[in-house]
Each structure stands twice: as C-alpha cells, then as structure tokens.
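All remarks here apply to the structure that follows.
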Amino acid sequence: MALHIGIDLGTSAIKAVLIEDLSRILAVATEPIAVSRPEIGYSEQDADLWVACVLACLDRLAAEAPKEMAAVRGIGLSGQMLAALILDADLRPLRPAILWNDQRALAECAELLAAVPDIGLRTNGTPDPGITAPKLIWLRRHEPALMDRARMLMLTKDYVRLALTGDVATEPSDAGGTQLLDVASGQWDPQLCAAAGWDPRHLPPVVDSWAEAGRLRPDLLARWGMAGPVSVAAGAGDNMGSTLGAGATRPGDAVLTIGTSGVACIVDAAFHPGPRRAILTSAHVVPQVFLSMGVVMSATASLDWVSRMTGSSVADLDGQATAWIDAEGPRAAPVFLPCLTGIRTPLNRPDMQGCITGLHPGVTPAMLAYATMEGVAFQFADCVAAQQEVGTPSERITAVGGGTRSQIWLRLLATVLDRPVSLIGGADTAGPRGAARLAAVAAGAPMSALHEPVAVTRVILPDPDLAAAIAPRRTAMTALTMG
C-alpha cells in the first residue's frame with residue numbers, strides 16, 4: 001500500500017487529498033481562501049494564508065485518518081500560476097502576492113513586448129497583465145523601495161513547499177508562466193530577466209516536476225504523526241497538475257478545466273507557441289511534452305457573479321437553468337459575453353468588459369445562468385479553435401473542475417466543440433491527484449506512475465438539436481466579442 005498526499009492551491013480554495021495507490025481517495029480536506037481587491041482591477045492574496053490553509057488541511061487529514069497519515073511517503077503540490085510573490089533576504093514576503101487575474105500591469109506589457117519583440121516565441125506567450133514579468137516591471141515603477149529589498153521571486157506552490165521543507169526550488173511547468181524562462185530549454189533567460197528588471201540570481205533553481213525538492217520538516221512530521229521521511233515533489237502549475245490528474249499525458253490528450261477560470265489544455269509533442277492568439281505554452285509535467293493552454297478568464301467566476309446578483313445559490317441556478325432549457329429551449333435567454341476580467345485567448349484583450357444583450361422583462365435568474373454557461377462554452381470553443389490554428393489539435397477531451405457538476409454545462413461544451421467529452425471519477429480532485437502522482441515518483445515510484453490510466457465514468461455526446469438552437473446565439477456572441 002503506497003500512500004501520498006496531493007495538494008492543490010486554487011484561487012478561492014485549497015484542497016488536500018490522501019490517496020492510496022494513486023487511485024483511491026481516503027480523505028479530503030478543503031479550506032476557502034479570500035482574494036483581496038484593494039482597487040478595481042487588482043487581485044492579491046496574503047501568501048502566509050496559503051501556508052495556514054495547507055497546514056489546516058493536513059491537520060484535518062491527520063485527524064480523520066491518523067494511521068494512514070503515518071504511512072505517507074510523499075507530498076505533491078499544484079498551484080495557481082503566474083503570481084508575483086517577492087521575498088526579502090530572510091525569505092519573507094515583502095507584500096501580498098499579485099495574482100494571475102490582476103490587471104494593473106497593462107502598460108508594462110507593451111513595454112516588455114517592445115524590449116523583446118520575439119518574447120511570445122520564446123516564453124509561454126505574449127505579455128499579459130496576469131503574467132509575472134509585467135508585474136515585476138510595475139512593481140519596480142510603483143514600489144521601488146520594496147523592490148530594492150527583493151531577494152527572491154516565488155510562485156504559489158513553491159512558497160508553500162518552502163514552508164514545508166525549508167528548501168527553495170521551482171520547476172518548468174510553473175516557471176514557464178513567469179516569462180523569465182526560455183520554455184524550450186527550461187532554463188532562466190538572462191535577457192528576459194533584464195527586460196523585466198529582475199536579477200536572475202534572485203530566482204530559485206529549476207528541477208524536474210517529479211523530482212524530490214525537499215523533505216518534510218521534522219516538526220511537521222511530528223505534528224501529523226508521520227514516520228517519515230516524506231519527500232516533497234517539485235510539483236506543478238495548476239493546469240498541468242489537473243491535466244496529469246485526468247490522465248492526459250500523450251500528445252492529443254485535452255483537458256478542459258472548468259474552475260474559477262477556464263483552461264483548454266492540450267498535450268503537444270512539440271513547442272508550438274501561439275502568441276498572436278494569446279495561447280500559453282509551457283512544459284508539461286511528464287518528460288518531453290508541452291502543454292498548450294487557451295484561457296477563459298472567468299468561468300465559474302462568472303456564474304458566481306450571477307449568483308451574487310440574483311441572490312440564488314450556484315446549485316439552485318444550475319438546477320433552474322437545466323429545467324428551463326429542457327422545457328423551453330434557449331431562444332428567450334439573453335446572450336452574455338462573460339469576460340468579467342477581460343479576454344485572453346484568442347484576442348488578448350485584458351481591458352475588455354462583459355456584455356449582456358437581449359434583456360427583456362421575462363428574463364429570469366435561470367435564463368441568466370444558462371446564458372453564462374453558454375457564453376463560457378463558446379469561449380472554450382474559441383480557445384480550442386485557436387490552438388488548432390497554431391498546430392495543436394485535440395483528439396481526446398476530458399472535462400474536470402467544479403463546473404463539471406453541471407450537466408447542462410457539459411452538454412453545451414460537447415455541443416459547441418462537436419466532440420464527445422469524457423468525465424472521470426473525482427473530476428473535481430484532478431489537481432491534487434496529479435500532484436500526488438508527482439509525489440509518488442519523488443518518493444521512489446517508477447516514472448510509469450505518471451502515465452497510469454484514469455477510468456472514464458461517462459461520455460457526453462454533442463446534442464444536434466441544441467447545436468441548431470444555439471448557432472444564431474453564437475453568431476450574436478461573436479458580434480459582441482468583435483464589436
């Protein structure tokens with residue numbers, strides 16, 4: 001019996017799972033985490049809250065399954081990408097982390113692109129306010145005294161691993177989101193660092209995602225009753241962790257993550273950058289392949305917004321939307337372009353705002369919820385089409401994330417993509433399960449553990465009647481997008 005822990009550091013919640021033999025989940029613990037928005041367009045988090053939530057999750061796992069926790073041999077982490085967390089010489093945060101959906105560094109993107117015109121062909125994509133490097137330029141301009149004290153750049157899961165082990169490291173999948181890394185080689189690039197105004201000496205060493213990047217501290221072994229030693233893997237960016245956890249390791253495998261943001265992840269045998277279509281491309285967490293990512297900036301975040309506006313829970317909205325669409329069809333619903341925090345793929349328009357058209361006195365919360373899910377599905381289809389344009393076709397599609405709880409959302413995705421969409425057991429734990437696979441290899445399991453198949457529990461087929469009904473609505477949303 002092999003026992004490992006996978007931890008996924010999401011934007012709105014942190015989840016830890018205790019897994020036996022890479023397949024059977026024995027216990028799950030989740031902790032919500034707040035996002036701070038001190039100004040319009042800003043998005044920040046206190047990095048020490050990440051650590052506190054992880055410790056709380058592991059405390060709960062130890063309380064629920066003490067015997068199994070004692071036998072754990074590896075911990076893996078996946079985490080929200082693109083953050084800018086600046087540490088001082090004592091490896092303490094100098095300010096809250098600036099997150100992936102922060103929009104303040106728009107002007108700095110143009111500056112970075114002018115300094116390195118081919119940056120989109122060397123890094124994970126074209127400069128975007130959400131990516132780390134433009135944030136560093138913004139910080140140097142607006143918080144120079146703080147930046148004078150900066151001695152380390154850290155990413156989300158790497159800071160938590162530092163707290164667990166005392167060791168500093170990163171790995172290519174997450175580091176690729178900084179725009180300081182040459183993605184094809186997996187090495188920090190001095191020219192890119194210079195363009196962002198960052199000293200490359202203040203970057204962590206890059207190791208393989210499945211490598212041991214430290215061992216759990218003795219005091220934490222004692223806290224959770226672990227026999228030890230416990231290897232802590234270098235880990236993964238959240239999209240790569242979810243893709244691995246869904247069993248997508250071969251070229252052509254695609255995973256649609258329906259979370260706070262939405263990401264269409266396609267495994268590719270070659271590095272196919274797509275900066276003109278705002279596609280992000282980084283190393284995957286299995287050897288010799290890359291991951292192409294088309295990003296929908298507001299997925300479940302858009303449905304959460306409708307929930308706040310209507311006073312109905314997301315679960316109630318989903319049920320109402322499903323009953324309404326089955327009874328009446330989508331014709332009377334408004335059309336919603338749900339880009340509440342801009343559009344990344346395929347337009348790279350971080351300044352773009354959401355838009356609803358077709359409002360009338362008969363619009364209900366169910367119609368708004370349906371229009372939101374439909375709009376997100378259309379945006380996913382735009383991402384996949386853009387990825388195919390640059391040479392990254394998808395052959396097998398799996399959906400994961402919290403949005404997979406919605407049956408109408410899954411029907412919409414299969415229909416707009418005109419492809420079957422597979423579901424796996426525990427789709428909402430794909431991230432931590434992927435992290436646990438990396439933990440297993442770090443603790444001594446063979447590399448084949450990364451390629452273990454994941455059982456498909458259900459396949460959703462395209463709905464021809466729904467396709468005919470929504471075709472004019474997609475045309476209307478395209479007009480909103482381009483207008």
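Numbering starts fresh at 1 for the residues of each chain in the structure tokens, the chains themselves are lettered A, B, ... in the order given, and ligands are numbered from 1 as they appear.
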
task: Taking the DSSP assignment computed from this structure's backbone, write out as a PyMOL selection string all residues of stretch 356-454 of chain A that belong to strand (DSSP E or B).
output: chain A and resi 356-357+396-400+421-424

Those residues with C-alpha atoms, as a tab-separated table (two decimals), in the first residue's frame please?
chain	number	residue	atom	x	y	z
A	356	ILE	CA	-25.26	41.23	-22.00
A	357	THR	CA	-27.69	41.78	-24.84
A	396	ARG	CA	-9.45	13.11	-26.76
A	397	ILE	CA	-11.28	15.57	-24.49
A	398	THR	CA	-11.83	15.21	-20.74
A	399	ALA	CA	-13.54	17.77	-18.51
A	400	VAL	CA	-12.52	18.43	-14.90
A	421	VAL	CA	-16.42	14.97	-23.71
A	422	SER	CA	-15.35	12.35	-21.16
A	423	LEU	CA	-15.76	12.53	-17.40
A	424	ILE	CA	-13.61	10.74	-14.86

task: Just the alpha helix (DSSP H) stuff from stretch 313-461 of chain A, please, per backbone DSSP, written as an MDAnalysis selection string.
output: chainID A and resid 314:328 365:389 407:417 430:442

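When only C-alpha atoms are used to compute distances to A:Leu181, the closest of the residues A:Leu220, A:Leu162, A:Val363, A:Leu121 turns out to be A:Leu121.
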
- prompt: Skipping near chain neighbours, those fewer than 5 positions away, what residues fall within 12 Å of A:Ala471 using only C-alpha atoms, listed as a PyMOL selection string?
  reply: chain A and resi 330-331+335+374+378+412+415-416+464-466+476-478

A:Ala150, A:Leu291, A:Ala222, A:Ala323 ranked by distance to A:Asn124, top pick (using only C-alpha atoms): A:Leu291

- prompt: Near A:Leu410, within 12 Å and counting only C-alpha atoms, which residues show up once chain neighbours fewer than 5 positions away are dropped, as a ChimeraX atom specification?
  reply: /A:256-258,318,322,370,373-374,376-377,380,397-405,415-423,458-463

task: Skip A:Ala110 itself and residues of its chain fewer than 4 positions away, then list as a PyMOL selection string all residues within 8 Å of it, counting only C-alpha atoms.
output: chain A and resi 106+114+127

Please write the residues from the selection above to a file, keeping N, CA and C atoms, as a short mmCIF file (atom, residue, chain, number, x, y, z; two decimals), in the first residue's frame.
data_model
loop_
_atom_site.label_atom_id
_atom_site.label_comp_id
_atom_site.auth_asym_id
_atom_site.auth_seq_id
_atom_site.Cartn_x
_atom_site.Cartn_y
_atom_site.Cartn_z
N LEU A 106 -1.02 46.65 -17.43
CA LEU A 106 -1.32 46.68 -18.86
C LEU A 106 -0.26 47.45 -19.64
N ALA A 114 7.97 45.56 -26.53
CA ALA A 114 8.88 46.42 -27.29
C ALA A 114 10.34 46.05 -27.02
N PRO A 127 3.00 39.00 -23.80
CA PRO A 127 2.84 39.65 -22.49
C PRO A 127 1.37 39.96 -22.18
#

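Residue neighbourhood of stretch 136-149 of chain A, excluding near-sequence residues (fewer than 2 positions): Ala84, Ile86, Leu87, Asp88, Ala89, Leu94, Arg95, Arg104, Ala105, Ala107, Glu108, Cys109, Glu111, Leu112, Thr132, Ala133, Pro134, Arg151, Ala195, Ala196, Gly197 and Trp198 of chain A, at 9 Å, using only C-alpha atoms.
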
For the residues selected in the previous step, produce a file with C-alpha atoms as a compact mmCIF listing (two decimals), in the first residue's frame.
# COMPACT_ATOMS: atom_id res chain seq x y z
CA ALA A 84 4.34 37.58 -8.32
CA ILE A 86 8.51 38.99 -3.69
CA LEU A 87 10.59 37.80 -0.75
CA ASP A 88 13.32 39.57 1.23
CA ALA A 89 16.71 38.19 2.25
CA LEU A 94 7.54 41.93 1.24
CA ARG A 95 3.93 42.43 0.16
CA ARG A 104 -2.79 46.63 -13.28
CA ALA A 105 0.28 45.98 -15.48
CA ALA A 107 1.11 49.44 -19.91
CA GLU A 108 4.07 47.31 -18.84
CA CYS A 109 3.02 44.59 -21.29
CA GLU A 111 6.93 47.95 -22.74
CA LEU A 112 8.06 44.34 -22.38
CA THR A 132 4.57 37.57 -13.78
CA ALA A 133 7.13 39.61 -15.75
CA PRO A 134 4.92 42.68 -16.44
CA ARG A 151 15.94 38.84 -2.98
CA ALA A 195 13.91 43.18 -19.76
CA ALA A 196 11.78 42.66 -16.66
CA GLY A 197 14.33 44.34 -14.41
CA TRP A 198 14.89 41.22 -12.32

So that each row is one residue of stretch 279-332 of chain A with an atom at most 9 Å from stretch 264-270 of chain A, can you give its shortest atom pair and the distance in Å to one decimal, using only C-alpha atoms, rows by chain and rising number, as a tab-separated table?
residue	atom	partner	partner_atom	distance
A:His284	CA	A:Val267	CA	7.5
A:Gln288	CA	A:Ala269	CA	7.0
A:Val289	CA	A:Ala269	CA	4.8
A:Phe290	CA	A:Asp268	CA	5.2
A:Leu291	CA	A:Val267	CA	4.7
A:Ser292	CA	A:Ile266	CA	5.1
A:Met293	CA	A:Cys265	CA	4.6
A:Gly294	CA	A:Ala264	CA	5.0
A:Val295	CA	A:Ala264	CA	6.5
A:Val296	CA	A:Ala264	CA	8.2

- request: Would you mind telling me which residue in A:Arg474, A:Val285, A:Pro200, A:Ala71 lies nearest to A:Met1 when using only C-alpha atoms?
  value: A:Ala71

message: With only C-alpha atoms as the counted atoms, please give the residues lying no more than 8 Å from stretch 26-33 of chain A, apart from itself and same-chain residues fewer than 5 positions off, as an MDAnalysis selection string.
response: chainID A and resid 11:20 49:50 53:54 56:58 60:61 64:65

Just N, CA, C and O atoms for this one: save the residues we selected as an mmCIF file, in the first residue's frame.
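Writing done, so here's again.cif:
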data_model
loop_
_atom_site.group_PDB
_atom_site.id
_atom_site.type_symbol
_atom_site.label_atom_id
_atom_site.label_comp_id
_atom_site.auth_asym_id
_atom_site.auth_seq_id
_atom_site.Cartn_x
_atom_site.Cartn_y
_atom_site.Cartn_z
ATOM 1 N N THR A 11 -7.353 29.469 -6.438
ATOM 2 C CA THR A 11 -7.514 30.888 -6.152
ATOM 3 C C THR A 11 -8.488 31.126 -5.010
ATOM 4 O O THR A 11 -8.278 32.016 -4.179
ATOM 5 N N SER A 12 -9.546 30.337 -4.954
ATOM 6 C CA SER A 12 -10.578 30.549 -3.949
ATOM 7 C C SER A 12 -10.609 29.478 -2.868
ATOM 8 O O SER A 12 -11.292 29.631 -1.864
ATOM 9 N N ALA A 13 -9.872 28.387 -3.064
ATOM 10 C CA ALA A 13 -9.854 27.321 -2.060
ATOM 11 C C ALA A 13 -8.605 26.480 -2.229
ATOM 12 O O ALA A 13 -8.032 26.396 -3.318
ATOM 13 N N ILE A 14 -8.194 25.853 -1.137
ATOM 14 C CA ILE A 14 -7.062 24.927 -1.127
ATOM 15 C C ILE A 14 -7.593 23.553 -0.753
ATOM 16 O O ILE A 14 -8.379 23.411 0.195
ATOM 17 N N LYS A 15 -7.188 22.555 -1.519
ATOM 18 C CA LYS A 15 -7.711 21.201 -1.316
ATOM 19 C C LYS A 15 -6.547 20.230 -1.164
ATOM 20 O O LYS A 15 -5.580 20.284 -1.936
ATOM 21 N N ALA A 16 -6.651 19.358 -0.177
ATOM 22 C CA ALA A 16 -5.653 18.307 0.036
ATOM 23 C C ALA A 16 -6.360 16.962 0.047
ATOM 24 O O ALA A 16 -7.437 16.819 0.636
ATOM 25 N N VAL A 17 -5.753 15.974 -0.631
ATOM 26 C CA VAL A 17 -6.337 14.632 -0.660
ATOM 27 C C VAL A 17 -5.285 13.618 -0.238
ATOM 28 O O VAL A 17 -4.101 13.744 -0.573
ATOM 29 N N LEU A 18 -5.715 12.632 0.509
ATOM 30 C CA LEU A 18 -4.886 11.498 0.906
ATOM 31 C C LEU A 18 -5.265 10.334 0.001
ATOM 32 O O LEU A 18 -6.437 9.928 -0.044
ATOM 33 N N ILE A 19 -4.281 9.820 -0.749
ATOM 34 C CA ILE A 19 -4.562 8.860 -1.811
ATOM 35 C C ILE A 19 -3.769 7.579 -1.585
ATOM 36 O O ILE A 19 -2.575 7.622 -1.261
ATOM 37 N N GLU A 20 -4.446 6.471 -1.783
ATOM 38 C CA GLU A 20 -3.819 5.154 -1.697
ATOM 39 C C GLU A 20 -3.609 4.597 -3.091
ATOM 40 O O GLU A 20 -4.542 4.574 -3.914
ATOM 41 N N LEU A 49 -1.386 33.081 4.174
ATOM 42 C CA LEU A 49 -2.683 32.397 4.225
ATOM 43 C C LEU A 49 -2.635 31.078 3.457
ATOM 44 O O LEU A 49 -3.298 30.110 3.838
ATOM 45 N N TRP A 50 -1.877 31.047 2.348
ATOM 46 C CA TRP A 50 -1.706 29.780 1.636
ATOM 47 C C TRP A 50 -1.152 28.727 2.588
ATOM 48 O O TRP A 50 -1.671 27.606 2.657
ATOM 49 N N CYS A 53 -3.643 27.681 5.389
ATOM 50 C CA CYS A 53 -4.711 26.810 4.893
ATOM 51 C C CYS A 53 -4.206 25.401 4.611
ATOM 52 O O CYS A 53 -4.905 24.411 4.874
ATOM 53 N N VAL A 54 -3.007 25.290 4.058
ATOM 54 C CA VAL A 54 -2.430 23.967 3.816
ATOM 55 C C VAL A 54 -2.222 23.235 5.139
ATOM 56 O O VAL A 54 -2.570 22.050 5.279
ATOM 57 N N ALA A 56 -3.832 23.669 7.880
ATOM 58 C CA ALA A 56 -5.144 23.309 8.411
ATOM 59 C C ALA A 56 -5.704 22.081 7.703
ATOM 60 O O ALA A 56 -6.299 21.194 8.337
ATOM 61 N N CYS A 57 -5.508 22.016 6.384
ATOM 62 C CA CYS A 57 -5.991 20.844 5.637
ATOM 63 C C CYS A 57 -5.279 19.577 6.099
ATOM 64 O O CYS A 57 -5.921 18.529 6.310
ATOM 65 N N LEU A 58 -3.972 19.644 6.268
ATOM 66 C CA LEU A 58 -3.241 18.458 6.690
ATOM 67 C C LEU A 58 -3.543 18.089 8.137
ATOM 68 O O LEU A 58 -3.539 16.901 8.496
ATOM 69 N N ARG A 60 -6.480 18.308 9.386
ATOM 70 C CA ARG A 60 -7.761 17.576 9.279
ATOM 71 C C ARG A 60 -7.556 16.175 8.731
ATOM 72 O O ARG A 60 -8.213 15.221 9.169
ATOM 73 N N LEU A 61 -6.662 16.029 7.740
ATOM 74 C CA LEU A 61 -6.385 14.682 7.238
ATOM 75 C C LEU A 61 -5.808 13.801 8.338
ATOM 76 O O LEU A 61 -6.170 12.623 8.469
ATOM 77 N N GLU A 64 -8.552 12.750 10.672
ATOM 78 C CA GLU A 64 -9.520 11.813 10.078
ATOM 79 C C GLU A 64 -8.906 10.450 9.810
ATOM 80 O O GLU A 64 -9.589 9.422 9.918
ATOM 81 N N ALA A 65 -7.632 10.420 9.419
ATOM 82 C CA ALA A 65 -7.002 9.142 9.045
ATOM 83 C C ALA A 65 -5.594 9.062 9.630
ATOM 84 O O ALA A 65 -4.598 9.061 8.902
#

Stretch 200-283 of chain A residues near stretch 434-438 of chain A within 12 Å, closest pair each, using only C-alpha atoms, as a Markdown table:
| residue | atom | partner | partner_atom | distance |
| --- | --- | --- | --- | --- |
| A:Asp208 | CA | A:Leu438 | CA | 9.9 |
| A:Ser209 | CA | A:Leu438 | CA | 7.0 |
| A:Trp210 | CA | A:Leu438 | CA | 4.7 |
| A:Ala211 | CA | A:Leu438 | CA | 7.8 |
| A:Glu212 | CA | A:Leu438 | CA | 9.1 |
| A:Ala213 | CA | A:Leu438 | CA | 11.1 |
| A:Ser231 | CA | A:Leu438 | CA | 10.3 |
| A:Val232 | CA | A:Leu438 | CA | 9.0 |
| A:Ala233 | CA | A:Leu438 | CA | 6.1 |
| A:Ala234 | CA | A:Leu438 | CA | 8.0 |
| A:Gly235 | CA | A:Ala435 | CA | 6.1 |
| A:Ala236 | CA | A:Ala435 | CA | 6.9 |
| A:Gly237 | CA | A:Ala435 | CA | 9.4 |
| A:Asp238 | CA | A:Ala435 | CA | 9.0 |
| A:Asn239 | CA | A:Gly434 | CA | 9.8 |
| A:Met240 | CA | A:Gly434 | CA | 8.0 |
| A:Gly241 | CA | A:Gly434 | CA | 4.7 |
| A:Ser242 | CA | A:Gly434 | CA | 5.9 |
| A:Thr243 | CA | A:Gly434 | CA | 7.3 |
| A:Leu244 | CA | A:Gly434 | CA | 4.9 |
| A:Gly245 | CA | A:Gly434 | CA | 3.6 |
| A:Ala246 | CA | A:Gly434 | CA | 7.4 |
| A:Gly247 | CA | A:Gly434 | CA | 8.3 |
| A:Ala248 | CA | A:Gly434 | CA | 10.0 |
| A:Thr249 | CA | A:Gly434 | CA | 10.9 |

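If you measure from each of A:Gly311, A:His4, A:Gly426, A:Gly483 to A:Gly354 using only C-alpha atoms, the closest one turns out to be A:Gly483.
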